[in-house]
Amino acid sequence: MKVLALNFSSRSGGQSKTDLMLNSLVAGMRNAGAEAKIVNQREKTVINCLGCYTCWTKSPGRCIHQDDMTNEMLPEWLESDIVVYGTPPYNYTMTAAMKVFLERTLPSIQPFFEIHEGRMFHPLRQKVPAAVILSVSGMPDNNHFSALSSHMKYIYESPGRKLLVEIYRPAAETMMNPFFKEKTRDILDATAQAGKELVQHMTVSSETMERITQPIVDPQFFTEMANLMWKTRISEGSSDPQAEGG
């Protein structure tokens, strides 16, 4: 099995909770025998889609842009069995980098129209990988992922596409707090287990998902502490990037 794990976080290293979760998921996939590759979008050059439809007319299946998406990322995406989209929910959905990537997959579909069960869609030009969505948020409630979930479900409802599972980790900032290290360890172990299950069964058990999404902190306590932290940073003129989910 070939897995392409796409990291759309703008941050790197210890600042990124997306990195933390994605690395655990991929480790579990590799442990189960998958050939899994992580690609950090922040290290690639991917130009915005022009909406020119060249990939539908003059050069069917190939974008006019000569960049990392055309020459590397799209071919690897098409060759994969599973693609993992890892993103923090910037402005309640996804990072701009992920949206640009999704737009640039336009060459994989045809310009024609079909209707299936009342829904009009563009048929696929070729097989596309099944999808896994992984997102982290600083906020402690799952509702923060609803817009991202709705967007991706709409895309993958088209015939020929398959959304395997959505993995959402709220209150991700608390995972960096030593006080919650035991819960964090269990969450990351469960995320690795989810990777194994995806390779072995193409799904994640409810027990594993419950461990991944287990509560870490009381929302009211979180709100009070977070507001105090931001007031302190504003008064001190600090912009520590670790203060936000990513």
# chains A, B, ... in the order shown; residues from 1 in each chain; ligands from 1

$ residues_around --residues "Trp77 (chain A)" --least-positions-apart "3" --cutoff "10 Å" --atoms "only C-alpha atoms" --output "ChimeraX atom specification"
/A:2-6,69,72-74,80-83,105,128-129

$ select_by_dssp --residues "region 65-219 of chain A" --states "alpha helix (DSSP H)" --output "PyMOL selection string"
chain A and resi 68+74-79+96-103+146-156+181-201+206-212+219

$ write_last_selection --atoms "C-alpha atoms" --output "PDB file, in the first residue's frame"
ATOM      1  CA  ASP A  68       6.146  21.067  -7.802  1.00  0.00           C
ATOM      2  CA  LEU A  74       0.046  15.374  -8.431  1.00  0.00           C
ATOM      3  CA  PRO A  75       1.733  12.270  -9.930  1.00  0.00           C
ATOM      4  CA  GLU A  76       2.498  10.967  -6.408  1.00  0.00           C
ATOM      5  CA  TRP A  77      -1.085  11.741  -5.323  1.00  0.00           C
ATOM      6  CA  LEU A  78      -2.483   9.760  -8.261  1.00  0.00           C
ATOM      7  CA  GLU A  79      -0.166   6.805  -7.609  1.00  0.00           C
ATOM      8  CA  ALA A  96      -4.707  28.282   2.180  1.00  0.00           C
ATOM      9  CA  ALA A  97      -2.023  25.782   1.160  1.00  0.00           C
ATOM     10  CA  MET A  98      -4.494  22.891   1.371  1.00  0.00           C
ATOM     11  CA  LYS A  99      -7.141  24.782  -0.592  1.00  0.00           C
ATOM     12  CA  VAL A 100      -4.611  25.549  -3.332  1.00  0.00           C
ATOM     13  CA  PHE A 101      -3.644  21.866  -3.463  1.00  0.00           C
ATOM     14  CA  LEU A 102      -7.267  20.747  -3.778  1.00  0.00           C
ATOM     15  CA  GLU A 103      -7.862  23.238  -6.584  1.00  0.00           C
ATOM     16  CA  SER A 146     -17.594  21.183  11.206  1.00  0.00           C
ATOM     17  CA  ALA A 147     -16.840  23.446   8.224  1.00  0.00           C
ATOM     18  CA  LEU A 148     -13.775  21.424   7.218  1.00  0.00           C
ATOM     19  CA  SER A 149     -15.741  18.193   7.586  1.00  0.00           C
ATOM     20  CA  SER A 150     -18.631  19.489   5.493  1.00  0.00           C
ATOM     21  CA  HIS A 151     -16.284  20.711   2.749  1.00  0.00           C
ATOM     22  CA  MET A 152     -14.379  17.435   2.447  1.00  0.00           C
ATOM     23  CA  LYS A 153     -17.489  15.266   2.655  1.00  0.00           C
ATOM     24  CA  TYR A 154     -19.015  17.223  -0.218  1.00  0.00           C
ATOM     25  CA  ILE A 155     -15.931  16.642  -2.381  1.00  0.00           C
ATOM     26  CA  TYR A 156     -15.786  12.932  -1.598  1.00  0.00           C
ATOM     27  CA  LYS A 181       1.788  14.293  29.240  1.00  0.00           C
ATOM     28  CA  GLU A 182       0.069  10.997  30.140  1.00  0.00           C
ATOM     29  CA  LYS A 183      -3.052  11.844  28.158  1.00  0.00           C
ATOM     30  CA  THR A 184      -0.897  13.132  25.307  1.00  0.00           C
ATOM     31  CA  ARG A 185       1.052   9.882  25.208  1.00  0.00           C
ATOM     32  CA  ASP A 186      -2.186   7.879  25.042  1.00  0.00           C
ATOM     33  CA  ILE A 187      -3.551  10.123  22.270  1.00  0.00           C
ATOM     34  CA  LEU A 188      -0.411   9.728  20.172  1.00  0.00           C
ATOM     35  CA  ASP A 189      -0.331   5.963  20.777  1.00  0.00           C
ATOM     36  CA  ALA A 190      -3.962   5.789  19.647  1.00  0.00           C
ATOM     37  CA  THR A 191      -3.140   7.856  16.564  1.00  0.00           C
ATOM     38  CA  ALA A 192      -0.401   5.369  15.660  1.00  0.00           C
ATOM     39  CA  GLN A 193      -2.923   2.562  16.214  1.00  0.00           C
ATOM     40  CA  ALA A 194      -5.289   4.354  13.843  1.00  0.00           C
ATOM     41  CA  GLY A 195      -2.549   4.287  11.212  1.00  0.00           C
ATOM     42  CA  LYS A 196      -2.190   0.525  11.613  1.00  0.00           C
ATOM     43  CA  GLU A 197      -5.936  -0.014  11.390  1.00  0.00           C
ATOM     44  CA  LEU A 198      -6.219   2.100   8.247  1.00  0.00           C
ATOM     45  CA  VAL A 199      -3.608  -0.010   6.468  1.00  0.00           C
ATOM     46  CA  GLN A 200      -5.080  -3.278   7.701  1.00  0.00           C
ATOM     47  CA  HIS A 201      -8.802  -2.538   7.479  1.00  0.00           C
ATOM     48  CA  SER A 206     -14.566   3.437  17.533  1.00  0.00           C
ATOM     49  CA  GLU A 207     -12.406   2.474  20.522  1.00  0.00           C
ATOM     50  CA  THR A 208      -9.285   3.932  18.905  1.00  0.00           C
ATOM     51  CA  MET A 209     -11.124   7.079  17.842  1.00  0.00           C
ATOM     52  CA  GLU A 210     -12.418   7.609  21.375  1.00  0.00           C
ATOM     53  CA  ARG A 211      -8.848   7.531  22.678  1.00  0.00           C
ATOM     54  CA  ILE A 212      -7.727  10.038  20.038  1.00  0.00           C
ATOM     55  CA  PRO A 219     -13.716  23.974  28.388  1.00  0.00           C
TER      56      PRO A 219
END

$ atom_distance --atom1 "CA of Met202 (chain A)" --atom2 "CA of Arg11 (chain A)"
28.9 Å

$ residues_around --residues "Ile167 (chain A)" --least-positions-apart "3" --cutoff "7 Å" --atoms "only C-alpha atoms" --output "number ranges by chain"
A: 133-135

$ select_by_dssp --residues "region 46-199 of chain A" --states "strand (DSSP E or B)" --output "MDAnalysis selection string"
chainID A and resid 82:87 109 114:116 119:121 124 130:136 163:169

$ closest_residue --among "A:Gly138, A:Asn40, A:Pro60, A:Met229" --to "Met176 (chain A)" --atoms "only C-alpha atoms"
A:Gly138
